[in-house]
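Below is target12.txt, which holds compact mmCIF, C-alpha atoms and all ligand atoms.
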```txt
# COMPACT_ATOMS: atom_id res chain seq x y z
CA MET Z 149 92.23 80.72 70.58
CA SER Z 150 94.06 77.41 70.94
CA SER Z 151 93.87 75.49 74.17
CA HIS Z 152 97.66 75.77 74.34
CA THR Z 153 97.53 79.55 74.73
CA GLN Z 154 99.24 80.34 78.01
CA LYS Z 155 97.64 82.79 80.39
CA PRO Z 156 99.99 85.57 81.52
CA PRO Z 157 101.34 85.00 85.05
CA VAL Z 158 99.82 86.89 87.97
CA LEU Z 159 101.20 87.61 91.42
CA THR Z 160 98.61 88.72 93.99
CA ILE Z 161 99.37 90.98 96.95
CA ASP Z 162 96.52 91.33 99.45
CA GLY Z 163 96.32 92.81 102.92
CA PRO Z 164 94.69 95.44 105.14
CA ALA Z 165 94.97 99.24 104.89
CA GLY Z 166 98.50 100.53 105.35
CA SER Z 167 100.15 97.11 105.13
CA GLY Z 168 102.37 98.43 102.34
CA LYS Z 169 100.66 96.69 99.40
CA GLY Z 170 100.80 99.74 97.13
CA THR Z 171 104.52 100.45 97.56
CA ILE Z 172 105.52 96.80 97.45
CA SER Z 173 103.37 96.09 94.39
CA GLN Z 174 104.85 99.04 92.52
CA ARG Z 175 108.43 98.03 93.32
CA VAL Z 176 107.88 94.36 92.47
CA ALA Z 177 106.08 95.23 89.21
CA THR Z 178 108.89 97.60 88.20
CA THR Z 179 111.56 94.95 88.85
CA LEU Z 180 109.66 92.24 86.96
CA GLY Z 181 108.59 94.63 84.20
CA TRP Z 182 104.96 93.56 84.77
CA HIS Z 183 101.69 95.49 84.70
CA ILE Z 184 100.00 96.54 87.90
CA LEU Z 185 96.38 96.48 89.09
CA ASP Z 186 95.54 98.80 91.99
CA SER Z 187 92.08 97.34 92.64
CA GLY Z 188 91.52 99.61 95.66
CA ALA Z 189 91.64 102.57 93.27
CA LEU Z 190 88.55 101.19 91.50
CA TYR Z 191 86.59 101.08 94.78
CA ARG Z 192 87.91 104.54 95.65
CA LEU Z 193 86.75 105.84 92.24
CA VAL Z 194 83.25 104.52 92.87
CA ALA Z 195 83.41 106.21 96.29
CA LEU Z 196 84.47 109.53 94.76
CA ALA Z 197 81.57 109.42 92.30
CA VAL Z 198 79.18 108.60 95.17
CA LEU Z 199 80.52 111.59 97.11
CA LYS Z 200 80.27 113.92 94.11
CA LYS Z 201 76.72 112.87 93.37
CA ALA Z 202 75.87 112.99 97.11
CA ILE Z 203 74.25 109.55 96.99
CA PRO Z 204 73.09 108.47 100.48
CA LEU Z 205 74.83 105.23 101.51
CA ASN Z 206 72.35 104.17 104.14
CA LYS Z 207 69.42 103.83 101.74
CA ASP Z 208 68.69 100.46 100.09
CA SER Z 209 67.45 102.26 96.98
CA SER Z 210 70.95 103.71 96.41
CA GLU Z 211 72.47 100.31 95.59
CA TYR Z 212 71.28 100.20 91.99
CA GLU Z 213 72.64 103.69 91.33
CA ILE Z 214 76.02 102.78 92.86
CA TYR Z 215 76.09 99.51 90.90
CA ASN Z 216 75.57 101.51 87.70
CA ILE Z 217 78.42 103.86 88.58
CA ALA Z 218 80.70 100.84 89.11
CA LEU Z 219 79.58 99.22 85.85
CA LYS Z 220 80.03 102.32 83.72
CA LEU Z 221 83.07 103.79 85.45
CA ASP Z 222 84.66 105.98 82.77
CA VAL Z 223 88.26 105.74 83.95
CA LEU Z 224 91.68 105.83 82.37
CA PHE Z 225 94.85 104.57 84.05
CA VAL Z 226 97.64 106.49 82.33
CA PRO Z 227 101.02 104.86 83.02
CA LEU Z 228 103.79 107.28 84.07
CA GLU Z 229 107.54 106.71 83.92
CA ASN Z 230 108.20 105.31 87.40
CA ASN Z 231 105.40 102.72 87.12
CA SER Z 232 103.00 105.02 88.92
CA VAL Z 233 99.77 105.96 87.15
CA ARG Z 234 97.67 109.02 86.55
CA ILE Z 235 94.01 108.24 87.20
CA VAL Z 236 91.51 110.11 85.06
CA LEU Z 237 87.78 109.89 85.85
CA GLU Z 238 85.44 111.32 83.23
CA GLY Z 239 88.29 113.45 81.89
CA GLU Z 240 89.32 114.78 85.30
CA ASP Z 241 92.64 113.95 86.99
CA VAL Z 242 91.61 112.39 90.32
CA THR Z 243 94.93 110.74 91.23
CA GLN Z 244 95.13 112.71 94.50
CA ALA Z 245 91.41 113.18 95.13
CA ILE Z 246 90.76 109.45 95.62
CA ARG Z 247 93.50 109.11 98.28
CA THR Z 248 91.72 110.92 101.10
CA GLU Z 249 90.67 109.00 104.21
CA GLU Z 250 87.07 109.98 103.47
CA CYS Z 251 87.28 108.25 100.09
CA GLY Z 252 88.88 105.19 101.72
CA ASN Z 253 86.06 104.96 104.23
CA ILE Z 254 83.32 105.32 101.64
CA ALA Z 255 85.23 102.84 99.42
CA SER Z 256 85.07 100.22 102.15
CA GLN Z 257 81.31 100.83 102.47
CA VAL Z 258 80.56 100.50 98.74
CA ALA Z 259 82.88 97.46 98.72
CA THR Z 260 80.38 95.60 100.92
CA LEU Z 261 77.81 95.69 98.07
CA LYS Z 262 77.83 92.42 96.14
CA SER Z 263 76.54 94.10 92.97
CA VAL Z 264 79.43 96.57 93.02
CA ARG Z 265 81.99 93.78 93.45
CA THR Z 266 80.43 91.86 90.56
CA ALA Z 267 80.41 94.99 88.38
CA LEU Z 268 84.15 95.45 88.93
CA LEU Z 269 85.19 91.80 88.52
CA GLU Z 270 85.70 91.57 84.75
CA ARG Z 271 87.29 95.02 84.60
CA GLN Z 272 89.89 93.81 87.10
CA ARG Z 273 90.53 90.58 85.17
CA GLY Z 274 91.01 92.70 82.04
CA PHE Z 275 94.28 94.02 83.51
CA LEU Z 276 95.89 90.59 83.04
CA LYS Z 277 98.20 90.98 80.06
CA LEU Z 278 101.65 89.78 79.02
CA PRO Z 279 104.30 89.77 80.34
CA GLY Z 280 102.45 89.49 83.68
CA LEU Z 281 100.44 91.27 86.37
CA VAL Z 282 100.97 92.27 89.98
CA ALA Z 283 97.47 92.59 91.47
CA ASP Z 284 97.07 94.59 94.68
CA GLY Z 285 93.94 94.44 96.84
CA ARG Z 286 91.86 92.55 99.38
CA ASP Z 287 90.49 89.61 97.35
CA MET Z 288 93.01 89.25 94.53
CA GLY Z 289 94.15 85.77 95.61
CA THR Z 290 90.77 84.55 96.84
CA VAL Z 291 88.25 85.81 94.24
CA VAL Z 292 89.67 87.75 91.30
CA PHE Z 293 92.72 85.58 90.49
CA PRO Z 294 92.23 82.34 92.47
CA ASP Z 295 94.61 80.49 90.08
CA ALA Z 296 97.56 82.80 90.73
CA LYS Z 297 100.73 80.81 91.27
CA LEU Z 298 102.09 83.12 93.95
CA LYS Z 299 99.81 84.80 96.50
CA ILE Z 300 101.19 87.17 99.11
CA PHE Z 301 99.28 88.41 102.16
CA LEU Z 302 100.86 91.35 104.01
CA THR Z 303 100.03 92.11 107.62
CA ALA Z 304 101.20 94.62 110.26
CA SER Z 305 99.81 95.91 113.56
CA ALA Z 306 97.25 98.73 113.41
CA GLU Z 307 99.71 100.99 115.26
CA ILE Z 308 102.44 100.56 112.63
CA ARG Z 309 99.98 100.86 109.76
CA GLY Z 310 98.61 104.09 111.27
CA LYS Z 311 102.14 105.52 111.49
CA ARG Z 312 102.86 104.56 107.87
CA ARG Z 313 99.64 106.20 106.72
CA LEU Z 314 100.49 109.35 108.72
CA ASN Z 315 103.88 109.60 106.96
CA GLN Z 316 102.30 108.99 103.58
CA LEU Z 317 99.80 111.80 104.18
CA LYS Z 318 102.54 114.12 105.49
CA GLN Z 319 104.47 113.62 102.27
CA GLN Z 320 101.40 114.77 100.38
CA GLY Z 321 101.22 117.85 102.63
CA ILE Z 322 98.12 116.55 104.45
CA ASN Z 323 97.94 116.91 108.24
CA ALA Z 324 96.34 114.07 110.17
CA ASN Z 325 96.06 112.76 113.70
CA LEU Z 326 97.65 109.37 114.49
CA ARG Z 327 94.96 108.18 116.92
CA GLY Z 328 92.23 109.12 114.45
CA LEU Z 329 94.03 107.30 111.63
CA ILE Z 330 94.46 104.14 113.72
CA ARG Z 331 90.76 104.26 114.67
CA ASP Z 332 89.77 104.65 110.99
CA ILE Z 333 92.06 101.78 109.97
CA GLU Z 334 90.62 99.48 112.64
CA GLU Z 335 87.07 100.39 111.64
CA ARG Z 336 87.86 99.72 107.97
CA ASP Z 337 89.62 96.40 108.81
CA THR Z 338 86.58 95.21 110.76
CA ARG Z 339 84.24 96.13 107.89
CA ASP Z 340 86.53 94.53 105.28
CA MET Z 341 87.01 91.32 107.30
CA GLN Z 342 83.40 90.87 108.32
CA ARG Z 343 81.63 91.53 105.02
CA LYS Z 344 79.82 88.57 103.45
CA ASP Z 345 81.27 88.87 99.94
CA ALA Z 346 84.99 88.53 99.34
CA PRO Z 347 86.03 89.36 102.91
CA LEU Z 348 89.61 90.28 103.68
CA VAL Z 349 91.20 86.89 104.45
CA PRO Z 350 94.41 85.27 103.24
CA ALA Z 351 93.89 82.63 100.55
CA ASP Z 352 94.57 79.11 101.87
CA ASP Z 353 97.69 78.95 99.72
CA ALA Z 354 98.94 82.49 100.47
CA MET Z 355 102.39 83.28 101.85
CA ILE Z 356 101.79 85.51 104.87
CA ILE Z 357 104.39 88.21 105.60
CA ASP Z 358 104.24 90.13 108.87
CA THR Z 359 105.87 93.45 107.94
CA ASP Z 360 106.00 95.03 111.44
CA ASN Z 361 109.78 94.71 111.69
CA LEU Z 362 110.66 94.62 108.00
CA SER Z 363 111.80 97.43 105.71
CA ILE Z 364 110.28 97.94 102.27
CA ASP Z 365 113.46 96.46 100.73
CA ASP Z 366 113.16 93.37 102.99
CA VAL Z 367 109.59 92.74 101.86
CA VAL Z 368 110.35 93.38 98.18
CA ASN Z 369 113.24 90.89 98.36
CA LEU Z 370 111.09 88.26 100.08
CA VAL Z 371 108.42 88.60 97.39
CA LEU Z 372 110.89 88.55 94.50
CA ASN Z 373 112.62 85.45 95.92
CA ALA Z 374 109.30 83.70 96.34
CA GLN Z 375 108.43 84.65 92.75
CA LYS Z 376 111.73 83.23 91.48
CA ASN Z 377 111.06 79.94 93.25
CA SER Z 378 107.38 79.66 92.35
O1 LIG Z 401 95.36 101.92 100.32
P1 LIG Z 401 94.45 101.25 101.29
O2 LIG Z 401 94.91 99.88 101.68
O3 LIG Z 401 94.09 102.12 102.44
O4 LIG Z 401 93.06 101.06 100.58
P2 LIG Z 401 92.74 100.60 99.12
O5 LIG Z 401 93.54 99.40 98.75
O6 LIG Z 401 92.82 101.77 98.23
O7 LIG Z 401 91.20 100.13 99.26
C1 LIG Z 401 90.17 100.97 99.74
C2 LIG Z 401 88.99 100.10 100.17
O8 LIG Z 401 88.47 99.41 99.01
C3 LIG Z 401 89.31 98.98 101.15
O9 LIG Z 401 89.15 99.35 102.51
C4 LIG Z 401 88.32 97.87 100.79
O10 LIG Z 401 87.12 97.99 101.50
C5 LIG Z 401 88.03 98.11 99.34
N1 LIG Z 401 88.68 97.11 98.48
C6 LIG Z 401 88.07 95.88 98.32
O11 LIG Z 401 87.03 95.63 98.90
N2 LIG Z 401 88.60 94.96 97.49
C7 LIG Z 401 89.75 95.20 96.84
N3 LIG Z 401 90.24 94.28 96.03
C8 LIG Z 401 90.43 96.42 97.02
C9 LIG Z 401 89.87 97.37 97.86
```
Please express the file's structure as structure tokens.
Amino acid sequence: MSSHTQKPPVLTIDGPAGSGKGTISQRVATTLGWHILDSGALYRLVALAVLKKAIPLNKDSSEYEIYNIALKLDVLFVPLENNSVRIVLEGEDVTQAIRTEECGNIASQVATLKSVRTALLERQRGFLKLPGLVADGRDMGTVVFPDAKLKIFLTASAEIRGKRRLNQLKQQGINANLRGLIRDIEERDTRDMQRKDAPLVPADDAMIIDTDNLSIDDVVNLVLNAQKNS
């Protein structure tokens, strides 16, 4: 490969649970015609496998087994028409199964394991293809794509994020309790922000958007304008 080969552009969108990363990333990727990496789905897939195999999380000896799951993850991301994806794990459609709060909680626990993060690193970088990539996660701008030209960090209060998550679950026909959701979100935020490896923090050069009083359209427009000017 010649040294003149240009790397495809990448736009990173990081932030805590319920900050709107998924929706915003999908909309921005559709408008730009770029690929999308939902890195949280990879951690959720590891979590689902851990749940299915009933691997105890509080035992040190489990780490190697979980690392192996992450390394060998047999997953397919099948693109659908509206830029959403069908996620197939070992031949089984798990698109919905990985979205439960239980999976999110276990995901944030396996995400504290350095070996798991390392196992998933190259797989995530493999998503970078022409014409470009929108990468959604917690450490996209800090660890996985530190050279990204535009890095976005979305924030919102736990209250608002809890309400958004409640609506999202309702749309999927899942009943949940707002207080419980907010408690789970705060617990997950603390774990994600305090872990040693790749904690949830904005990159030094990230553009921070507080989405509390912004609509989805507002945020999408802010991101697309920033992209145009980057
Ligand atoms: O959709 P939501 O923001 O609730 O979660 P997600 O993006 O699907 O991520 C689930 C969990 O995976 C997070 O709480 C993080 O602990 C972990 N994660 C991570 O550590 N690094 C990433 N790049 C993405 C997710």
Counting all atoms listed in the file, which of Z:Leu199, Z:Ile333, Z:Leu298, Z:Leu326 gets nearest to ligand LIG 401 (chain Z)?
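For ligand LIG 401 (chain Z), the nearest of the given residues is Z:Ile333.
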Quick one: distance from CA of Gly274 (chain Z) to CA of Asp353 (chain Z) in Å, one decimal?
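Calculated distance between CA of Gly274 (chain Z) and CA of Asp353 (chain Z) is 23.4 Å.
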Find the distance between CA of Ala195 (chain Z) and CA of Gly252 (chain Z) and write it in Å to one decimal.
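A separation of 7.8 Å between them.
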How many Å separate CA of Leu276 (chain Z) from CA of Gly166 (chain Z)?
24.6 Å
Contacts of Pro294 (chain Z) at 12 Å or less, counting only C-alpha atoms, minus same-chain residues fewer than 4 places along, as a PyMOL selection string?
chain Z and resi 158-160+273+283+287-290+298-299+346+350-354
So which one's closest to Leu185 (chain Z), Z:Pro347, Z:Gly285, Z:Gly163, Z:Gly239? Using all atoms listed in the file, please.
Z:Gly285
List the spatial neighbours of Ile184 (chain Z) as a PyMOL selection string - criterion: any atom at most 8 Å away, all atoms listed in the file, same-chain residues fewer than 6 positions off excluded.
chain Z and resi 173-174+177+275+281-284
As a quick test: using all atoms listed in the file, which residues lie no more than 6 Å away from ligand LIG 401 (chain Z)? Give them as a PyMOL selection string.
chain Z and resi 164-166+187-189+191-192+252+255-256+259+285-288+336+340
Residue nearest Ala304 (chain Z) - candidates Z:Leu261, Z:Val198, Z:Leu362, Z:Val291, atoms counted: only C-alpha atoms:
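For Ala304 (chain Z), the nearest of the given residues is Z:Leu362.
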Selected residue of minimal separation from Glu213 (chain Z) among Z:Ile364, Z:Ala374, Z:Val264, Z:Leu228, counting all atoms listed in the file:
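Using all atoms listed in the file, the shortest distance to Glu213 (chain Z) belongs to Z:Val264.
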Find the residues near Thr171 (chain Z): any atom within 12 Å, counting all atoms listed in the file, skip ones fewer than 2 places away on the same chain, and give them as a ChimeraX atom specification.
/Z:161,166-169,173-178,184,186,230-232,282,284,302,312-313,316,363-365,367-368
Given only C-alpha atoms as the counted atoms, nearest of Z:Lys155, Z:Lys277, Z:Tyr212, Z:Lys207 to Gly181 (chain Z):
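Of Z:Lys155, Z:Lys277, Z:Tyr212, Z:Lys207, the one nearest Gly181 (chain Z) is Z:Lys277, counting only C-alpha atoms.
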Name the closest residue to Phe293 (chain Z) among the candidates Z:Leu205, Z:Glu270, Z:Leu180, Z:Arg327; distances are taken between atoms, counting all atoms listed in the file.
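Ranked by minimum distance to Phe293 (chain Z), first place goes to Z:Glu270.
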Do a neighbour search on Thr248 (chain Z) at 10 Å with only C-alpha atoms, toss out local chain neighbours closer than 6 positions, and write the hits as a list of chain:residue names.
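Neighbouring residues, sequence-local ones excluded: Z:Arg192, Z:Leu196, Z:Leu317, Z:Ile322.
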Could the residues in this selection be saved with C-alpha atoms as a PDB file, in the frame of the given file?
```
ATOM      1  CA  ARG Z 192      87.910 104.540  95.650  1.00  0.00           C
ATOM      2  CA  LEU Z 196      84.470 109.530  94.760  1.00  0.00           C
ATOM      3  CA  LEU Z 317      99.800 111.800 104.180  1.00  0.00           C
ATOM      4  CA  ILE Z 322      98.120 116.550 104.450  1.00  0.00           C
TER       5      ILE Z 322
END
```
Identify, on the basis of only C-alpha atoms, every residue whose closest approach to Asp208 (chain Z) does not exceed 12 Å; exclude the query and any residue fewer than 6 positions from it along the same chain; express the result as a list of chain:residue names.
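Selected residues are Z:Ile214, Z:Tyr215, Z:Val258, Z:Leu261.
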